[in-house]
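Inspection log for the structure reproduced underneath, given as C-alpha coordinates.
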Amino acid sequence: RFGARAVLLVGGLCLTCAMVASALATSWVMLALAQAIAGLAGGVMLPAIYTVATTTGSQEEGSRMLGRVLAGWSVSLIAGVPLSALIAERFGWQASFLSLSALVATSLVGFWAMPRLDNDTRPQKARNPFAVLALPGIVPLLLVQFLFMTAFYGTYAFFGDHLRTSLGLSAGMAGLVVLFYGIGFGIAATADGIVDRVGPVKALPYAMTFVAIAYGIMPFMATSLIGALVAASLWGFANHFVLNVIVLRLSRIGGTQRGAVLGLNSAITYFGALVGALGELYANLGFSGLAWGGATCVCLALGVIIAQGRDAQA
(Lines give C-alpha, C1' and ligand atoms only; values in the text may rest on other atoms or scores of the structure.)
Protein backbone atom coordinates (compact mmCIF):
# COMPACT_ATOMS: atom_id res chain seq x y z
CA ARG A 1 0.00 0.00 0.00
CA PHE A 2 2.74 2.48 0.90
CA GLY A 3 5.85 1.08 -0.80
CA ALA A 4 9.02 -0.36 0.69
CA ARG A 5 10.84 2.95 1.18
CA ALA A 6 8.06 4.50 3.27
CA VAL A 7 7.71 1.35 5.36
CA LEU A 8 11.44 1.31 6.08
CA LEU A 9 11.45 4.97 7.11
CA VAL A 10 8.42 4.73 9.42
CA GLY A 11 9.41 1.30 10.71
CA GLY A 12 12.96 2.46 11.38
CA LEU A 13 11.71 5.50 13.28
CA CYS A 14 9.40 3.32 15.40
CA LEU A 15 12.21 0.83 16.03
CA THR A 16 14.52 3.64 17.14
CA CYS A 17 11.93 4.95 19.58
CA ALA A 18 11.23 1.43 20.85
CA MET A 19 14.91 0.89 21.64
CA VAL A 20 15.11 4.21 23.48
CA ALA A 21 11.95 3.30 25.40
CA SER A 22 13.52 -0.06 26.28
CA ALA A 23 16.55 1.70 27.71
CA LEU A 24 14.33 4.00 29.77
CA ALA A 25 12.06 1.22 31.06
CA THR A 26 11.66 1.13 34.83
CA SER A 27 9.75 -2.16 35.01
CA TRP A 28 9.59 -5.42 33.11
CA VAL A 29 6.11 -4.48 31.83
CA MET A 30 7.45 -1.29 30.22
CA LEU A 31 10.37 -3.23 28.74
CA ALA A 32 8.04 -5.90 27.36
CA LEU A 33 5.76 -3.30 25.76
CA ALA A 34 8.72 -1.48 24.23
CA GLN A 35 10.07 -4.72 22.82
CA ALA A 36 6.63 -5.59 21.44
CA ILE A 37 6.69 -2.30 19.51
CA ALA A 38 10.20 -3.16 18.32
CA GLY A 39 8.89 -6.52 17.12
CA LEU A 40 6.03 -4.88 15.23
CA ALA A 41 8.44 -2.47 13.55
CA GLY A 42 10.89 -5.22 12.66
CA GLY A 43 8.05 -7.38 11.42
CA VAL A 44 7.12 -4.89 8.70
CA MET A 45 10.68 -3.80 7.95
CA LEU A 46 12.07 -7.26 7.21
CA PRO A 47 9.70 -8.02 4.27
CA ALA A 48 10.38 -4.52 2.93
CA ILE A 49 14.14 -5.12 3.09
CA TYR A 50 13.76 -8.45 1.28
CA THR A 51 11.54 -6.76 -1.31
CA VAL A 52 14.17 -4.13 -2.10
CA ALA A 53 16.96 -6.72 -2.15
CA THR A 54 15.16 -9.02 -4.59
CA THR A 55 14.04 -6.25 -6.95
CA THR A 56 17.34 -4.37 -7.15
CA GLY A 57 19.50 -5.40 -10.07
CA SER A 58 18.75 -7.86 -12.85
CA GLN A 59 16.93 -11.18 -12.60
CA GLU A 60 20.25 -12.98 -12.89
CA GLU A 61 21.68 -11.14 -9.87
CA GLY A 62 18.82 -11.83 -7.46
CA SER A 63 20.63 -14.36 -5.30
CA ARG A 64 23.79 -12.27 -5.01
CA MET A 65 21.86 -9.12 -4.08
CA LEU A 66 19.82 -10.97 -1.46
CA GLY A 67 22.98 -12.68 -0.22
CA ARG A 68 24.55 -9.31 0.55
CA VAL A 69 21.56 -8.41 2.69
CA LEU A 70 21.48 -11.80 4.42
CA ALA A 71 25.19 -11.37 5.18
CA GLY A 72 24.02 -8.82 7.74
CA TRP A 73 22.68 -11.78 9.73
CA SER A 74 26.15 -13.27 9.94
CA VAL A 75 27.66 -9.90 10.90
CA SER A 76 25.12 -9.52 13.72
CA LEU A 77 25.93 -13.00 14.98
CA ILE A 78 29.69 -12.54 14.76
CA ALA A 79 29.92 -8.97 16.05
CA GLY A 80 26.53 -7.72 17.20
CA VAL A 81 25.67 -10.31 19.86
CA PRO A 82 29.03 -10.39 21.69
CA LEU A 83 29.51 -6.61 21.31
CA SER A 84 26.09 -5.95 22.80
CA ALA A 85 26.88 -8.32 25.67
CA LEU A 86 30.18 -6.50 26.26
CA ILE A 87 28.48 -3.10 26.32
CA ALA A 88 25.89 -4.41 28.78
CA GLU A 89 28.59 -5.84 31.01
CA ARG A 90 30.67 -2.66 31.03
CA PHE A 91 28.01 0.06 30.97
CA GLY A 92 24.72 -1.64 31.86
CA TRP A 93 21.93 -3.21 29.83
CA GLN A 94 20.38 0.18 29.08
CA ALA A 95 23.51 1.14 27.15
CA SER A 96 22.99 -1.85 24.82
CA PHE A 97 19.54 -0.63 23.86
CA LEU A 98 20.78 2.94 23.38
CA SER A 99 23.56 1.63 21.10
CA LEU A 100 21.00 -0.29 19.06
CA SER A 101 18.80 2.80 18.80
CA ALA A 102 21.78 4.74 17.43
CA LEU A 103 22.43 2.05 14.82
CA VAL A 104 18.81 2.06 13.66
CA ALA A 105 18.73 5.85 13.58
CA THR A 106 21.82 5.81 11.37
CA SER A 107 20.13 3.38 8.98
CA LEU A 108 17.33 5.94 8.52
CA VAL A 109 19.78 8.07 6.56
CA GLY A 110 20.26 5.21 4.12
CA PHE A 111 16.52 4.57 3.84
CA TRP A 112 15.91 8.26 3.09
CA ALA A 113 18.58 8.20 0.37
CA MET A 114 17.06 5.15 -1.34
CA PRO A 115 16.00 5.81 -4.93
CA ARG A 116 12.38 5.52 -5.93
CA LEU A 117 11.70 1.94 -6.96
CA ASP A 118 10.39 0.78 -10.31
CA ASN A 119 6.78 0.02 -11.23
CA ASP A 120 7.01 -3.47 -9.74
CA THR A 121 7.49 -2.12 -6.24
CA ARG A 122 5.45 1.07 -6.29
CA PRO A 123 2.50 1.25 -3.89
CA GLN A 124 -0.23 -1.17 -4.89
CA LYS A 125 -3.89 -1.28 -4.00
CA ALA A 126 -4.30 -2.74 -0.52
CA ARG A 127 -5.49 -6.36 -0.49
CA ASN A 128 -6.11 -9.04 2.09
CA PRO A 129 -2.56 -10.36 2.68
CA PHE A 130 -3.87 -13.93 2.99
CA ALA A 131 -5.24 -13.72 -0.56
CA VAL A 132 -1.69 -14.33 -1.83
CA LEU A 133 -1.92 -17.89 -0.52
CA ALA A 134 -3.85 -18.63 -3.72
CA LEU A 135 -0.74 -17.94 -5.81
CA PRO A 136 0.73 -21.18 -7.22
CA GLY A 137 3.60 -22.53 -5.13
CA ILE A 138 3.25 -20.15 -2.17
CA VAL A 139 1.75 -22.56 0.39
CA PRO A 140 4.33 -25.36 -0.19
CA LEU A 141 7.20 -22.88 0.08
CA LEU A 142 5.81 -21.41 3.30
CA LEU A 143 5.50 -24.96 4.67
CA VAL A 144 9.12 -25.60 3.70
CA GLN A 145 10.15 -22.38 5.47
CA PHE A 146 8.22 -23.37 8.60
CA LEU A 147 9.88 -26.80 8.79
CA PHE A 148 13.31 -25.32 8.05
CA MET A 149 13.01 -22.59 10.68
CA THR A 150 11.53 -24.93 13.30
CA ALA A 151 14.59 -27.15 12.87
CA PHE A 152 16.98 -24.18 13.00
CA TYR A 153 15.60 -22.35 16.03
CA GLY A 154 14.93 -25.57 17.93
CA THR A 155 18.55 -26.68 17.58
CA TYR A 156 20.10 -23.22 17.86
CA ALA A 157 18.28 -22.48 21.12
CA PHE A 158 19.81 -25.44 22.95
CA PHE A 159 23.14 -26.07 21.24
CA GLY A 160 25.03 -23.84 23.67
CA ASP A 161 23.33 -25.39 26.70
CA HIS A 162 24.28 -28.86 25.45
CA LEU A 163 27.94 -27.86 25.12
CA ARG A 164 28.00 -26.32 28.60
CA THR A 165 26.45 -29.38 30.27
CA SER A 166 28.19 -32.12 28.26
CA LEU A 167 31.65 -30.56 27.82
CA GLY A 168 31.73 -28.37 30.91
CA LEU A 169 32.33 -25.21 28.88
CA SER A 170 31.79 -21.71 30.14
CA ALA A 171 29.05 -19.61 28.59
CA GLY A 172 31.71 -17.62 26.73
CA MET A 173 33.34 -20.71 25.23
CA ALA A 174 29.98 -22.17 24.25
CA GLY A 175 29.23 -18.84 22.61
CA LEU A 176 31.96 -19.57 20.09
CA VAL A 177 29.37 -21.74 18.37
CA VAL A 178 27.46 -18.58 17.45
CA LEU A 179 30.65 -17.06 16.08
CA PHE A 180 31.47 -20.06 13.89
CA TYR A 181 27.88 -20.39 12.69
CA GLY A 182 28.04 -16.76 11.59
CA ILE A 183 31.39 -17.30 9.88
CA GLY A 184 29.99 -20.23 7.89
CA PHE A 185 26.88 -18.23 7.03
CA GLY A 186 28.98 -15.28 5.88
CA ILE A 187 31.39 -17.38 3.79
CA ALA A 188 28.43 -18.86 1.93
CA ALA A 189 27.43 -15.35 0.83
CA THR A 190 30.53 -15.23 -1.38
CA ALA A 191 29.21 -18.20 -3.37
CA ASP A 192 25.69 -16.93 -4.06
CA GLY A 193 26.56 -16.57 -7.74
CA ILE A 194 26.26 -20.37 -7.95
CA VAL A 195 22.55 -20.10 -7.18
CA ASP A 196 22.14 -17.50 -9.92
CA ARG A 197 23.86 -19.79 -12.43
CA VAL A 198 22.06 -22.98 -11.41
CA GLY A 199 18.73 -21.35 -10.67
CA PRO A 200 16.91 -21.27 -7.31
CA VAL A 201 14.50 -24.07 -8.25
CA LYS A 202 17.29 -26.55 -8.97
CA ALA A 203 19.51 -25.33 -6.13
CA LEU A 204 16.98 -25.72 -3.30
CA PRO A 205 16.84 -29.56 -3.08
CA TYR A 206 20.65 -29.81 -2.98
CA ALA A 207 20.95 -27.08 -0.35
CA MET A 208 18.22 -28.70 1.77
CA THR A 209 19.95 -32.09 1.54
CA PHE A 210 23.19 -30.48 2.77
CA VAL A 211 21.31 -29.03 5.76
CA ALA A 212 19.76 -32.41 6.61
CA ILE A 213 23.22 -34.00 6.61
CA ALA A 214 24.52 -31.21 8.87
CA TYR A 215 21.82 -31.96 11.43
CA GLY A 216 22.40 -35.71 11.14
CA ILE A 217 26.12 -35.53 11.95
CA MET A 218 25.82 -32.82 14.61
CA PRO A 219 25.41 -35.17 17.63
CA PHE A 220 28.56 -37.06 16.65
CA MET A 221 30.63 -33.92 16.07
CA ALA A 222 29.42 -32.10 19.18
CA THR A 223 31.33 -34.48 21.45
CA SER A 224 34.26 -32.04 21.39
CA LEU A 225 34.59 -28.29 21.10
CA ILE A 226 36.50 -28.47 17.82
CA GLY A 227 33.93 -30.83 16.32
CA ALA A 228 31.09 -28.59 17.48
CA LEU A 229 32.69 -25.52 15.90
CA VAL A 230 33.21 -27.34 12.58
CA ALA A 231 29.59 -28.56 12.69
CA ALA A 232 28.34 -25.04 13.41
CA SER A 233 30.27 -23.54 10.49
CA LEU A 234 28.97 -26.21 8.08
CA TRP A 235 25.48 -25.67 9.43
CA GLY A 236 25.69 -21.91 8.87
CA PHE A 237 27.13 -22.41 5.38
CA ALA A 238 24.27 -24.68 4.33
CA ASN A 239 21.56 -22.60 6.01
CA HIS A 240 22.58 -19.50 4.08
CA PHE A 241 21.81 -21.12 0.73
CA VAL A 242 18.45 -22.50 1.85
CA LEU A 243 17.28 -19.19 3.32
CA ASN A 244 18.51 -17.29 0.27
CA VAL A 245 16.72 -19.56 -2.20
CA ILE A 246 13.42 -19.72 -0.27
CA VAL A 247 13.16 -15.93 0.08
CA LEU A 248 14.20 -15.40 -3.54
CA ARG A 249 11.57 -17.85 -4.84
CA LEU A 250 8.84 -16.39 -2.65
CA SER A 251 9.68 -12.89 -3.87
CA ARG A 252 9.57 -13.89 -7.54
CA ILE A 253 6.32 -15.83 -7.20
CA GLY A 254 4.75 -12.94 -5.26
CA GLY A 255 5.32 -10.44 -8.08
CA THR A 256 3.61 -7.15 -7.25
CA GLN A 257 2.28 -8.73 -4.05
CA ARG A 258 5.72 -9.77 -2.82
CA GLY A 259 5.37 -7.52 0.23
CA ALA A 260 2.40 -9.55 1.49
CA VAL A 261 4.12 -12.82 0.57
CA LEU A 262 7.34 -11.93 2.38
CA GLY A 263 5.31 -10.67 5.33
CA LEU A 264 3.71 -14.11 5.64
CA ASN A 265 7.20 -15.57 5.32
CA SER A 266 8.34 -13.58 8.35
CA ALA A 267 5.27 -14.67 10.31
CA ILE A 268 5.93 -18.32 9.44
CA THR A 269 9.62 -17.91 10.32
CA TYR A 270 8.94 -16.72 13.85
CA PHE A 271 6.11 -19.18 14.37
CA GLY A 272 8.73 -21.81 13.60
CA ALA A 273 11.00 -20.13 16.15
CA LEU A 274 8.23 -20.38 18.75
CA VAL A 275 7.58 -24.07 18.06
CA GLY A 276 11.26 -24.98 17.84
CA ALA A 277 12.22 -23.25 21.07
CA LEU A 278 9.60 -25.09 23.15
CA GLY A 279 12.33 -27.62 23.91
CA GLU A 280 10.26 -30.77 24.40
CA LEU A 281 12.60 -32.91 22.29
CA TYR A 282 15.65 -31.58 24.11
CA ALA A 283 14.09 -32.14 27.53
CA ASN A 284 13.01 -35.71 26.79
CA LEU A 285 15.53 -37.03 24.24
CA GLY A 286 18.60 -34.85 24.75
CA PHE A 287 20.61 -33.07 22.08
CA SER A 288 20.84 -36.12 19.81
CA GLY A 289 17.07 -36.39 19.66
CA LEU A 290 16.82 -32.65 19.07
CA ALA A 291 19.32 -32.66 16.19
CA TRP A 292 17.75 -35.70 14.57
CA GLY A 293 14.35 -34.10 15.02
CA GLY A 294 15.74 -31.14 13.09
CA ALA A 295 17.00 -33.49 10.39
CA THR A 296 13.52 -35.03 10.21
CA CYS A 297 11.91 -31.59 9.75
CA VAL A 298 14.36 -30.78 6.97
CA CYS A 299 13.74 -34.15 5.27
CA LEU A 300 10.00 -33.46 5.39
CA ALA A 301 10.68 -30.06 3.80
CA LEU A 302 12.77 -31.79 1.14
CA GLY A 303 9.83 -34.11 0.46
CA VAL A 304 7.55 -31.11 -0.04
CA ILE A 305 10.07 -29.59 -2.46
CA ILE A 306 10.35 -32.80 -4.49
CA ALA A 307 6.56 -33.24 -4.58
CA GLN A 308 6.13 -29.63 -5.71
CA GLY A 309 8.64 -30.18 -8.49
CA ARG A 310 6.79 -33.25 -9.71
CA ASP A 311 3.46 -31.40 -9.68
CA ALA A 312 5.02 -28.57 -11.71
CA GLN A 313 6.33 -31.03 -14.30
CA ALA A 314 2.96 -32.78 -14.51
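Each chain of the C-alpha coordinates is named A, B, ... in the order shown, its residues numbered from 1; ligands are numbered from 1 in display order.
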Quick one: everything within 12 Å of Trp93 in chain A, counting only C-alpha atoms, minus sequence neighbours fewer than 3 positions away in the same chain. Send it as a PyMOL selection string.
chain A and resi 19-20+22-25+31+83-90+96-100
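The shell of residues at most 9 Å from Trp112 in chain A, with only C-alpha atoms counted and near chain neighbours (fewer than 4 positions) removed, consists of A:Arg5, A:Ala6, A:Leu8, A:Leu9, A:Ser107, A:Leu108.
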Leu248 in chain A: which residues within 10 Å, counting only C-alpha atoms, same-chain residues fewer than 2 positions away excluded, as a ChimeraX atom specification?
/A:50-51,53-55,62-63,65-67,200-201,242-246,250-254,262
Could you go through range 36-161 of chain A and tell me which residues DSSP, when run on the backbone, assigns to alpha helix (DSSP H), listing them as an MDAnalysis selection string?
chainID A and resid 36:55 62:75 81:91 93:113 138:161
